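Data file: entry_3.cif. Format and content: mmCIF, C-alpha atoms.
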```
data_start
loop_
_atom_site.label_atom_id
_atom_site.label_comp_id
_atom_site.auth_asym_id
_atom_site.auth_seq_id
_atom_site.Cartn_x
_atom_site.Cartn_y
_atom_site.Cartn_z
CA MET A 10 20.15 -107.49 97.30
CA ARG A 11 22.92 -104.93 97.23
CA LEU A 12 21.88 -101.47 96.35
CA PRO A 13 24.34 -99.21 94.60
CA LYS A 14 25.85 -96.50 96.74
CA PRO A 15 24.06 -93.23 96.01
CA ARG A 16 26.17 -90.44 94.64
CA PRO A 17 26.43 -87.40 96.93
CA LEU A 18 24.71 -84.34 95.55
CA ALA A 19 26.93 -81.48 94.51
CA PRO A 20 26.63 -78.50 96.88
CA ALA A 21 24.70 -75.65 95.27
CA VAL A 22 23.18 -72.35 96.31
CA PRO A 23 19.33 -72.66 96.26
CA VAL A 24 18.85 -69.88 93.73
CA ALA A 25 15.26 -70.70 92.87
CA ALA A 26 14.13 -70.26 96.48
CA TRP A 27 16.14 -67.05 96.75
CA ALA A 28 14.49 -65.67 93.60
CA ASP A 29 11.04 -66.60 94.95
CA VAL A 30 11.66 -64.79 98.22
CA THR A 31 12.98 -61.74 96.38
CA VAL A 32 9.93 -61.57 94.12
CA LEU A 33 7.65 -61.90 97.13
CA LEU A 34 9.51 -59.06 98.89
CA ALA A 35 9.29 -56.86 95.79
CA VAL A 36 5.52 -57.45 95.57
CA PHE A 37 5.15 -56.76 99.30
CA PHE A 38 7.01 -53.44 99.09
CA LEU A 39 5.07 -52.43 95.97
CA LEU A 40 1.78 -53.00 97.78
CA SER A 41 2.75 -51.52 101.13
CA THR A 42 4.48 -48.37 99.94
CA SER A 43 2.36 -45.24 99.99
CA PHE A 44 3.26 -42.70 97.35
CA ALA A 45 2.62 -38.99 97.80
CA PRO A 46 0.14 -37.46 95.35
CA ASP A 47 1.13 -34.50 93.19
CA ARG A 48 4.74 -35.02 94.13
CA GLU A 49 6.51 -32.91 91.56
CA ALA A 50 4.69 -29.62 91.78
CA ILE A 51 5.30 -28.56 95.38
CA ALA A 52 8.51 -27.01 96.71
CA LEU A 53 8.32 -28.57 100.16
CA PRO A 54 10.30 -27.07 103.05
CA ARG A 55 13.38 -28.82 104.36
CA ALA A 56 13.31 -30.13 107.91
CA PRO A 57 15.34 -32.48 110.10
CA GLY A 58 14.02 -35.58 111.84
CA LEU A 59 11.10 -36.56 109.65
CA ASN A 60 8.46 -39.19 110.39
CA GLU A 61 6.63 -41.11 107.73
CA ALA A 62 2.96 -40.17 107.34
CA ALA A 63 0.55 -42.99 108.09
CA PRO A 64 -0.65 -44.88 105.01
CA GLY A 65 -3.99 -43.61 103.72
CA ALA A 66 -3.45 -40.08 104.98
CA ALA A 67 -5.69 -37.37 103.57
CA CYS A 68 -3.61 -34.77 101.79
CA LEU A 69 -4.04 -31.02 101.51
CA ILE A 70 -1.98 -29.38 98.77
CA VAL A 71 -1.44 -25.64 98.73
CA ARG A 72 0.57 -24.29 95.83
CA ARG A 73 1.72 -20.68 95.62
CA ARG A 74 1.93 -18.89 92.33
CA VAL A 75 3.19 -15.37 91.84
CA SER A 76 2.56 -13.48 88.63
CA ALA A 77 2.96 -9.85 87.65
CA ALA A 78 -0.69 -9.56 86.65
CA ALA A 79 -2.47 -11.33 89.50
CA GLY A 80 0.11 -11.10 92.26
CA GLU A 81 0.13 -13.97 94.72
CA GLU A 82 -2.35 -16.78 94.16
CA LEU A 83 -2.84 -19.91 96.22
CA GLN A 84 -4.16 -23.05 94.60
CA TRP A 85 -5.97 -25.39 97.00
CA ARG A 86 -6.29 -29.09 96.30
CA PHE A 87 -7.37 -32.02 98.41
CA SER A 88 -6.85 -35.74 98.17
CA ASP A 89 -8.66 -38.41 100.14
CA ARG A 90 -7.52 -41.97 100.73
CA ASN A 91 -8.27 -43.14 97.18
CA GLY A 92 -5.61 -40.81 95.75
CA ALA A 93 -7.92 -38.80 93.51
CA ILE A 94 -7.03 -35.11 93.76
CA ARG A 95 -9.75 -32.48 93.50
CA ASP A 96 -9.62 -28.71 93.57
CA LEU A 97 -10.94 -26.85 96.57
CA PRO A 98 -12.55 -23.46 95.94
CA GLY A 99 -10.74 -22.05 98.96
CA PRO A 100 -9.75 -22.61 102.57
CA GLU A 101 -13.38 -22.45 103.71
CA ALA A 102 -14.11 -25.70 101.83
CA LEU A 103 -11.38 -27.43 103.81
CA TYR A 104 -13.53 -27.48 106.93
CA PHE A 105 -16.25 -29.57 105.28
CA ALA A 106 -13.80 -31.88 103.53
CA ALA A 107 -11.95 -32.53 106.80
CA SER A 108 -15.17 -32.92 108.83
CA ARG A 109 -16.47 -35.59 106.46
CA ILE A 110 -13.29 -37.63 106.89
CA VAL A 111 -13.07 -37.19 110.66
CA ASP A 112 -16.70 -38.30 111.02
CA SER A 113 -15.78 -41.74 109.72
CA ASP A 114 -12.23 -41.96 111.10
CA SER A 115 -11.29 -39.58 113.90
CA GLU A 116 -7.65 -40.73 113.94
CA ARG A 117 -7.01 -40.15 110.26
CA THR A 118 -3.75 -38.32 109.55
CA PHE A 119 -3.81 -35.18 107.43
CA LEU A 120 -0.69 -34.55 105.38
CA LEU A 121 -0.03 -30.88 104.57
CA ARG A 122 1.89 -30.41 101.34
CA ILE A 123 2.38 -26.67 101.26
CA ASP A 124 4.83 -24.58 99.28
CA ALA A 125 7.76 -23.56 101.45
CA SER A 126 7.30 -19.89 100.56
CA VAL A 127 3.68 -19.65 101.75
CA ARG A 128 3.26 -17.23 104.67
CA TYR A 129 2.70 -18.76 108.10
CA ALA A 130 -0.56 -16.80 108.46
CA VAL A 131 -2.07 -19.11 105.82
CA VAL A 132 -0.74 -22.24 107.56
CA ASP A 133 -2.06 -20.98 110.88
CA ASP A 134 -5.55 -20.63 109.40
CA ILE A 135 -5.28 -24.15 108.01
CA LEU A 136 -4.29 -25.57 111.39
CA GLU A 137 -7.12 -23.73 113.10
CA THR A 138 -9.63 -24.98 110.52
CA LEU A 139 -8.43 -28.57 110.90
CA ARG A 140 -8.59 -28.33 114.68
CA LYS A 141 -12.15 -27.01 114.53
CA ALA A 142 -13.09 -29.83 112.15
CA GLY A 143 -11.95 -32.34 114.77
CA VAL A 144 -8.70 -33.45 113.15
CA ARG A 145 -6.18 -34.88 115.61
CA ASN A 146 -3.15 -35.91 113.59
CA VAL A 147 -1.28 -33.69 111.16
CA VAL A 148 2.00 -34.21 109.33
CA PHE A 149 3.80 -31.22 107.85
CA GLY A 150 5.07 -32.55 104.53
CA ALA A 151 8.78 -31.83 104.21
CA ARG A 152 11.95 -32.91 102.48
CA PRO A 153 14.89 -34.37 104.40
CA ASP A 154 17.39 -31.74 105.44
CA ASP A 155 20.63 -32.80 103.74
CA SER A 156 22.68 -30.47 105.89
CA GLY A 157 21.52 -32.31 109.00
CA GLY A 158 19.59 -29.33 110.24
CA GLU A 159 21.76 -28.87 113.27
CA MET B 8 35.90 -97.07 68.91
CA ARG B 9 32.18 -96.66 69.15
CA LEU B 10 30.73 -93.63 70.84
CA GLY B 11 27.39 -93.74 72.56
CA PRO B 12 24.65 -91.27 71.69
CA THR B 13 24.94 -88.03 73.67
CA ARG B 14 22.02 -87.06 75.86
CA PRO B 15 20.33 -83.79 74.96
CA PRO B 16 20.62 -81.25 77.79
CA ARG B 17 17.57 -81.06 80.03
CA PRO B 18 15.47 -77.96 79.43
CA GLN B 19 15.84 -75.61 82.40
CA ILE B 20 14.53 -72.26 83.41
CA PRO B 21 17.46 -69.82 83.69
CA VAL B 22 17.18 -69.28 87.42
CA PHE B 23 20.34 -67.22 87.96
CA PRO B 24 19.37 -64.30 85.68
CA LEU B 25 15.84 -64.48 87.08
CA GLY B 26 17.16 -64.21 90.61
CA SER B 27 19.42 -61.30 89.71
CA LEU B 28 16.55 -59.52 87.99
CA SER B 29 14.30 -60.02 91.02
CA LEU B 30 16.99 -58.60 93.27
CA LEU B 31 17.33 -55.55 91.04
CA VAL B 32 13.54 -55.02 91.04
CA LEU B 33 13.49 -55.34 94.84
CA ALA B 34 16.32 -52.82 95.21
CA ALA B 35 14.55 -50.37 92.88
CA VAL B 36 11.25 -50.72 94.76
CA VAL B 37 12.89 -50.26 98.16
CA ILE B 38 14.82 -47.16 97.05
CA ALA B 39 11.74 -45.68 95.36
CA GLY B 40 9.67 -46.38 98.47
CA MET B 41 12.19 -44.69 100.71
CA TYR B 42 12.05 -41.50 98.71
CA ALA B 43 8.39 -41.61 97.66
CA ALA B 44 6.71 -42.04 101.04
CA PRO B 45 5.36 -38.74 102.31
CA ARG B 46 7.09 -37.67 105.49
CA GLY B 47 7.54 -34.72 107.77
CA PRO B 48 7.31 -33.60 111.37
CA GLY B 49 4.08 -34.77 112.96
CA LEU B 50 1.65 -32.85 115.15
CA ARG B 51 -1.13 -34.18 117.35
CA PHE B 52 -3.68 -31.67 118.56
CA ALA B 53 -4.00 -31.77 122.31
CA SER B 54 -7.14 -31.26 124.36
CA VAL B 55 -7.42 -30.19 127.96
CA ASP B 56 -9.53 -33.27 128.84
CA ARG B 57 -7.13 -35.76 127.32
CA ASP B 58 -3.73 -34.19 127.76
CA GLY B 59 -4.13 -31.72 130.60
CA ARG B 60 -3.59 -28.01 130.64
CA LEU B 61 -0.31 -26.51 129.50
CA ARG B 62 1.28 -24.31 132.13
CA ASP B 63 2.52 -21.38 130.13
CA VAL B 64 4.35 -19.92 133.15
CA ASP B 65 6.89 -22.77 133.12
CA ALA B 66 7.09 -23.04 129.35
CA VAL B 67 10.02 -21.94 127.21
CA ARG B 68 8.94 -19.20 124.84
CA VAL B 69 10.31 -19.42 121.30
CA GLU B 70 9.58 -16.56 118.93
CA VAL B 71 10.26 -17.05 115.25
CA LEU B 72 10.13 -13.68 113.55
CA SER B 73 12.00 -14.67 110.40
CA GLU B 74 14.68 -17.09 109.29
CA GLN B 75 17.31 -14.68 110.58
CA GLU B 76 15.57 -13.66 113.77
CA THR B 77 14.65 -16.20 116.43
CA LEU B 78 14.30 -15.54 120.15
CA VAL B 79 14.34 -18.08 122.99
CA ASP B 80 12.96 -16.56 126.20
CA GLY B 81 13.78 -13.16 124.76
CA GLY B 82 17.37 -13.90 123.79
CA PRO B 83 18.42 -14.05 120.13
CA VAL B 84 19.42 -17.52 118.87
CA PRO B 85 20.33 -18.59 115.33
CA LEU B 86 17.64 -20.85 113.87
CA ALA B 87 20.26 -23.56 113.31
CA ASP B 88 21.05 -23.60 117.06
CA LEU B 89 17.42 -23.55 118.18
CA ALA B 90 17.29 -27.19 119.27
CA ALA B 91 20.35 -26.86 121.48
CA ALA B 92 19.12 -23.60 123.01
CA VAL B 93 15.65 -24.99 123.82
CA SER B 94 17.12 -28.23 125.11
CA GLY B 95 19.35 -26.27 127.49
CA ARG B 96 16.41 -24.26 128.77
CA LEU B 97 14.25 -27.37 129.28
CA ALA B 98 16.92 -29.28 131.18
CA GLY B 99 15.75 -30.15 134.67
CA ARG B 100 12.12 -29.16 134.15
CA THR B 101 9.52 -31.76 134.99
CA ASP B 102 6.89 -30.53 132.54
CA ALA B 103 8.76 -29.80 129.31
CA ALA B 104 6.64 -27.35 127.38
CA VAL B 105 7.38 -24.84 124.64
CA ILE B 106 5.25 -21.97 123.42
CA LEU B 107 6.05 -21.37 119.78
CA VAL B 108 5.17 -17.93 118.48
CA VAL B 109 5.59 -17.61 114.74
CA SER B 110 5.20 -14.32 112.96
CA PRO B 111 2.37 -14.40 110.38
CA GLU B 112 4.85 -12.96 107.87
CA ALA B 113 7.39 -15.76 108.37
CA THR B 114 7.46 -18.47 105.75
CA TYR B 115 6.11 -21.97 106.19
CA GLU B 116 9.65 -23.27 105.73
CA THR B 117 10.89 -21.27 108.72
CA MET B 118 8.02 -22.46 110.87
CA VAL B 119 8.55 -26.12 109.92
CA ALA B 120 12.30 -25.87 110.59
CA ALA B 121 11.67 -24.42 114.05
CA TYR B 122 8.89 -26.89 114.87
CA ALA B 123 10.89 -29.90 113.65
CA ALA B 124 13.92 -28.82 115.69
CA ILE B 125 11.85 -28.59 118.89
CA ALA B 126 9.68 -31.66 118.24
CA GLY B 127 12.81 -33.71 117.60
CA LEU B 128 14.19 -33.09 121.08
CA PRO B 129 14.26 -36.07 123.43
CA GLY B 130 11.10 -36.12 125.45
CA PRO B 131 9.64 -34.60 123.28
CA PRO B 132 8.32 -31.37 124.82
CA ARG B 133 4.70 -30.29 124.50
CA ILE B 134 4.43 -27.50 121.97
CA ALA B 135 1.75 -24.84 121.80
CA PHE B 136 1.43 -22.50 118.84
CA LEU B 137 0.52 -19.01 119.88
CA THR B 138 -0.94 -16.54 117.45
CA PRO B 139 -2.01 -13.12 118.66
CA ARG B 140 -5.18 -13.21 116.56
CA GLN B 141 -6.56 -16.60 117.53
CA GLY B 142 -5.09 -17.73 120.82
CA MET B 143 -3.34 -21.05 121.32
CA HIS B 144 -3.57 -24.32 119.50
CA GLY B 145 -1.30 -27.35 119.26
#
```
Serialized structure, structure tokens:
Amino acid sequence: MRLPKPRPLAPAVPVAAWADVTVLLAVFFLLSTSFAPDREAIALPRAPGLNEAAPGAACLIVRRRVSAAAGEELQWRFSDRNGAIRDLPGPEALYFAASRIVDSDSERTFLLRIDASVRYAVVDDILETLRKAGVRNVVFGARPDDSGGE
Amino acid sequence: MRLGPTRPPRPQIPVFPLGSLSLLVLAAVVIAGMYAAPRGPGLRFASVDRDGRLRDVDAVRVEVLSEQETLVDGGPVPLADLAAAVSGRLAGRTDAAVILVVSPEATYETMVAAYAAIAGLPGPPRIAFLTPRQGMHG
């Protein structure tokens, strides 16, 4: 029996496979990207040579407000791994919040999101409190320096 | 002439627009991720047991008094040139260490700029923060 000669297939770009891979990549990036909490409210300092904070970092937010009536006020907020942000009554509460986290995970990174205009004396107290609480890894939250910082 | 019945076109999912849309979503997610991820200069607290003692005699001393006033081993250096100045001082030293003294009245932005410039040097050098009130940490 003679079989008919099969027709050669027309060359085509495998678009369906390409679309599948792209969707998978989009889902992967959506799941693996860590977004900073309370992103809009803080005027972060600019700095060159930034590293990405480890996913699941605990986050301390210190916002500075200046008003004619009350003068300078610092608002303290804290966010654990789950992303929920809660107010801290003051820097003294930071010690207990940090200690609780370090007890379960001593290598947890703490991200400091502090207004650029806050005095270093405040930051120094924060670093000392974190060190006493047993924290090892800290990232100073910053924005990329567009000028190159050189 | 007799024409045969035409075949109806096979139903197909429009793959090309779907692929283009997926690519656009991927590009948006990647760009958003690049800008949304929290980042900044990192610090790891050292301990004498784990990392050894810092020899402050051999260390380069950087004093940040304000954004306009920075001293490296007592000599004034613009904050923008801090990395180059410290790098020059550290050249040839076996134990690269920097003592960073930041004025309590300086802003957090100034401190981060100075710290990031030093921490970004090749090596990188060990950095100790010195505050007159509390001693050293870092």
Do you know which residues are at most 8 Å from stretch 11-28 of chain B counting all atoms listed in the file, after dropping those on the same chain fewer than 5 positions away, and could you put them as a JSON list (two decimals) with C-alpha atoms, keeping the file's coordinate frame?
```json
[["chain", "number", "residue", "atom", "x", "y", "z"],
["A", 24, "VAL", "CA", 18.85, -69.88, 93.73],
["A", 25, "ALA", "CA", 15.26, -70.70, 92.87],
["A", 27, "TRP", "CA", 16.14, -67.05, 96.75],
["A", 28, "ALA", "CA", 14.49, -65.67, 93.60],
["A", 29, "ASP", "CA", 11.04, -66.60, 94.95],
["A", 31, "THR", "CA", 12.98, -61.74, 96.38]]
```
Exercise for the section: Taking (-6.9, -30.1, 100.5) in the file's own coordinates, collect the residues within 10 Å, counting all atoms listed in the file, and hand them back as a ChimeraX atom specification. Expected result: /A:67-71,84-89,94-100,102-104,106-107,119-123,135
Practice task
Using all atoms listed in the file, pick whichever of A:Glu101, A:Glu81, A:Asp114, A:Glu137 has the shortest atom-to-atom distance to chain B.
Solution key: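 Selected residue with least distance to chain B: A:Glu137.
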Practice task
Check every residue of chain B for an atom within 6 Å of chain A, counting all atoms listed in the file, and provide those that qualify as JSON, numbers by chain.
Solution key: {"B": [22, 26, 29, 30, 33, 40, 43, 44, 45, 46, 47, 48, 49, 50, 51, 52, 87, 111, 112, 113, 114, 115, 116, 120]}
Exercise for the section: For atom CA of B:Phe136 and atom CA of B:Val67, quote the distance in Å rounded to one decimal. Expected result: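 Separation between atom CA of B:Phe136 and atom CA of B:Val67: 12.0 Å.
A straight line drawn from atom CA of B:Val105 to atom CA of B:Gln75 is 20.0 Å long.
Pairwise distance (atom CA of B:Leu72, atom CA of B:Pro129) equals 24.8 Å.
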Using the chain letters and numbers from this file, what does the PyMOL selection byres ((chain B and resi 93) around 9) select? Give the answer as a PDB file with C-alpha atoms, keeping the file's coordinate frame.
```pdb
ATOM      1  CA  VAL B  67      10.020 -21.940 127.210  1.00  0.00           C
ATOM      2  CA  ARG B  68       8.940 -19.200 124.840  1.00  0.00           C
ATOM      3  CA  VAL B  69      10.310 -19.420 121.300  1.00  0.00           C
ATOM      4  CA  VAL B  79      14.340 -18.080 122.990  1.00  0.00           C
ATOM      5  CA  ASP B  88      21.050 -23.600 117.060  1.00  0.00           C
ATOM      6  CA  LEU B  89      17.420 -23.550 118.180  1.00  0.00           C
ATOM      7  CA  ALA B  90      17.290 -27.190 119.270  1.00  0.00           C
ATOM      8  CA  ALA B  91      20.350 -26.860 121.480  1.00  0.00           C
ATOM      9  CA  ALA B  92      19.120 -23.600 123.010  1.00  0.00           C
ATOM     10  CA  SER B  94      17.120 -28.230 125.110  1.00  0.00           C
ATOM     11  CA  GLY B  95      19.350 -26.270 127.490  1.00  0.00           C
ATOM     12  CA  ARG B  96      16.410 -24.260 128.770  1.00  0.00           C
ATOM     13  CA  LEU B  97      14.250 -27.370 129.280  1.00  0.00           C
ATOM     14  CA  ALA B  98      16.920 -29.280 131.180  1.00  0.00           C
ATOM     15  CA  VAL B 105       7.380 -24.840 124.640  1.00  0.00           C
ATOM     16  CA  ILE B 125      11.850 -28.590 118.890  1.00  0.00           C
ATOM     17  CA  LEU B 128      14.190 -33.090 121.080  1.00  0.00           C
TER      18      LEU B 128
END
```
Skipping near chain neighbours, those fewer than 4 positions away, what residues fall within 7 Å of B:Pro132 using only C-alpha atoms, listed as a PDB file with C-alpha atoms, in the coordinates of the input?
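The resulting selection_16.pdb:
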```pdb
ATOM      1  CA  ALA B 103       8.760 -29.800 129.310  1.00  0.00           C
ATOM      2  CA  ALA B 104       6.640 -27.350 127.380  1.00  0.00           C
ATOM      3  CA  VAL B 105       7.380 -24.840 124.640  1.00  0.00           C
ATOM      4  CA  ALA B 126       9.680 -31.660 118.240  1.00  0.00           C
TER       5      ALA B 126
END
```
Return as AutoDock Vina command-line options the box centre and box size in Å, one decimal, for an axis-aligned box around all listed atoms of stretch 126-129 of chain B padded by 3 Å per side.
```
--center_x 12.0 --center_y -33.9 --center_z 120.5 --size_x 10.6 --size_y 10.4 --size_z 11.8
```
Practice task
Using only C-alpha atoms, pick whichever of B:Ala66, B:Ala35, B:Ala53, B:Leu86 has the shortest atom-to-atom distance to B:Met118.
Solution key: B:Leu86
Problem - Top pick for closest residue to A:Leu83, considering A:Val111, A:Leu12, A:Val22, A:Ile51 and counting only C-alpha atoms - result: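 Of A:Val111, A:Leu12, A:Val22, A:Ile51, the one nearest A:Leu83, counting only C-alpha atoms, is A:Ile51.
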